[in-house]
Amino acid sequence: MKLVTVAGPPAVGKTSVLLRMNRLLKERGLRTGVVKFDCMQTNDDETFQEAGIRAVRGISAELCPDHFFITNLDEVCAYGRREKLDILFTESAGLCSRCSPYLKGVPAVCVVDQLAGIHAPSKIGPMLKLADIILITRGDIVSQAEREVFFRQVMLVNPRAEIFPVNGLTGQGARAAVDAILRRTDTPDEEPSLRFPMPMAICSYCLGETRIGKDYQVGNVRKMKLGGAT
């Protein structure tokens, strides 16, 4: 089974793109599935199932969704093997544009939205910088000049990735993305590991503290230097 991690900021079109890609893979006779990770609520698993794609969801609730993903990775892989899948996608939103962790030896796909603005790529972090394949959505809504500038900004952040414009509504570009995934020969280690460390934890607010002030702040706390009197 090939595991593929798909990440990107919220509402960039990840689900629509994945629907198109899974349909193309199904046409090639491959069994595919999706594990959708979200924070509070999602019906995307039902959307995949209605399209004939095996799918389940994981809701992190009060937990960091990316820590939730990593701590459930063994169960995710076991699900894929049980379903005898050829390819299993995990989909998660990088809510802080920092996480959506990638694994060594596992293809990493990052989806970004052309409408986010030309400076957006430089603000996303490892989620974009360490991706193998980058899919740019909603390019049909902007001018050719804007598309070229955004593409250039993405390439400056991650010059080694394969970059494709994709339209989740029409399916344009999805076939090229599928071909890029199938070409990859990544081999995960026997003991999977992250490509980059997760953000530091734990602080008092991670543990449920609601009171504000330095007397209630413990753990990983970083103070700003604002100048003037302290």
# chains A, B, ... in the order shown; residues from 1 in each chain; ligands from 1
$ select_by_dssp --residues "region 57-223 of chain A" --states "strand (DSSP E or B)" --output "VMD selection string"
chain A and resid 57 to 59 87 to 93 103 108 to 113 133 to 137 162 to 165 194 203 219
$ write_last_selection --atoms "C-alpha atoms" --output "PDB file, in the first residue's frame"
ATOM      1  CA  ARG A  57     -12.758  10.610   9.416  1.00  0.00           C
ATOM      2  CA  GLY A  58     -10.862  11.525  12.561  1.00  0.00           C
ATOM      3  CA  ILE A  59     -11.944  14.474  14.717  1.00  0.00           C
ATOM      4  CA  ILE A  87      -3.228   3.925  -2.288  1.00  0.00           C
ATOM      5  CA  LEU A  88      -4.390   5.579   0.931  1.00  0.00           C
ATOM      6  CA  PHE A  89      -4.579   9.368   1.171  1.00  0.00           C
ATOM      7  CA  THR A  90      -4.593  11.262   4.448  1.00  0.00           C
ATOM      8  CA  GLU A  91      -6.053  14.758   4.242  1.00  0.00           C
ATOM      9  CA  SER A  92      -5.506  17.416   6.884  1.00  0.00           C
ATOM     10  CA  ALA A  93      -5.622  21.193   7.107  1.00  0.00           C
ATOM     11  CA  LEU A 103       6.726  11.505   6.855  1.00  0.00           C
ATOM     12  CA  ALA A 108       3.846  14.659   0.499  1.00  0.00           C
ATOM     13  CA  VAL A 109       1.322  16.782  -1.403  1.00  0.00           C
ATOM     14  CA  CYS A 110       0.571  20.394  -0.483  1.00  0.00           C
ATOM     15  CA  VAL A 111      -2.461  22.215  -1.916  1.00  0.00           C
ATOM     16  CA  VAL A 112      -2.393  26.021  -2.013  1.00  0.00           C
ATOM     17  CA  ASP A 113      -4.931  28.566  -3.201  1.00  0.00           C
ATOM     18  CA  ILE A 133       4.207  17.829  -5.069  1.00  0.00           C
ATOM     19  CA  ILE A 134       2.441  21.200  -4.919  1.00  0.00           C
ATOM     20  CA  LEU A 135      -1.016  21.735  -6.401  1.00  0.00           C
ATOM     21  CA  ILE A 136      -2.221  25.294  -7.049  1.00  0.00           C
ATOM     22  CA  THR A 137      -5.994  25.728  -7.144  1.00  0.00           C
ATOM     23  CA  GLU A 162       6.784  19.320  -8.842  1.00  0.00           C
ATOM     24  CA  ILE A 163       4.163  22.067  -9.206  1.00  0.00           C
ATOM     25  CA  PHE A 164       0.842  21.686 -11.019  1.00  0.00           C
ATOM     26  CA  PRO A 165      -2.177  23.955 -11.478  1.00  0.00           C
ATOM     27  CA  LEU A 194       8.730  12.915  10.670  1.00  0.00           C
ATOM     28  CA  CYS A 203       2.046  24.931  27.968  1.00  0.00           C
ATOM     29  CA  GLY A 219       5.766  24.894  30.165  1.00  0.00           C
TER      30      GLY A 219
END
$ select_by_dssp --residues "region 149-187 of chain A" --states "alpha helix (DSSP H)" --output "list of chain:residue names"
A:Val149, A:Phe150, A:Phe151, A:Arg152, A:Gln153, A:Val154, A:Met155, A:Leu156, A:Val157, A:Ala174, A:Arg175, A:Ala176, A:Ala177, A:Val178, A:Asp179, A:Ala180, A:Ile181, A:Leu182, A:Arg183
$ closest_residue --among "A:Ser122, A:Pro199, A:Ser204, A:Gly227" --to "Asn158 (chain A)" --atoms "only C-alpha atoms"
A:Ser122
$ atom_distance --atom1 "CA of Arg211 (chain A)" --atom2 "CA of Leu63 (chain A)"
19.0 Å
$ atom_distance --atom1 "CA of Glu190 (chain A)" --atom2 "CA of Phe69 (chain A)"
18.6 Å
$ residues_around --residues "Val17 (chain A)" --least-positions-apart "5" --cutoff "9 Å" --atoms "only C-alpha atoms" --output "ChimeraX atom specification"
/A:22,111,135,137,166-169,171,174
$ write_last_selection --atoms "C-alpha atoms" --output "mmCIF file, in the first residue's frame"
data_model
loop_
_atom_site.group_PDB
_atom_site.id
_atom_site.type_symbol
_atom_site.label_atom_id
_atom_site.label_comp_id
_atom_site.auth_asym_id
_atom_site.auth_seq_id
_atom_site.Cartn_x
_atom_site.Cartn_y
_atom_site.Cartn_z
ATOM 1 C CA ASN A 22 -9.325 9.192 -6.668
ATOM 2 C CA VAL A 111 -2.461 22.215 -1.916
ATOM 3 C CA LEU A 135 -1.016 21.735 -6.401
ATOM 4 C CA THR A 137 -5.994 25.728 -7.144
ATOM 5 C CA VAL A 166 -5.314 21.943 -10.668
ATOM 6 C CA ASN A 167 -9.020 22.719 -10.945
ATOM 7 C CA GLY A 168 -11.077 20.658 -8.517
ATOM 8 C CA LEU A 169 -14.344 21.527 -10.285
ATOM 9 C CA GLY A 171 -10.605 18.158 -13.070
ATOM 10 C CA ALA A 174 -5.625 16.263 -11.852
#
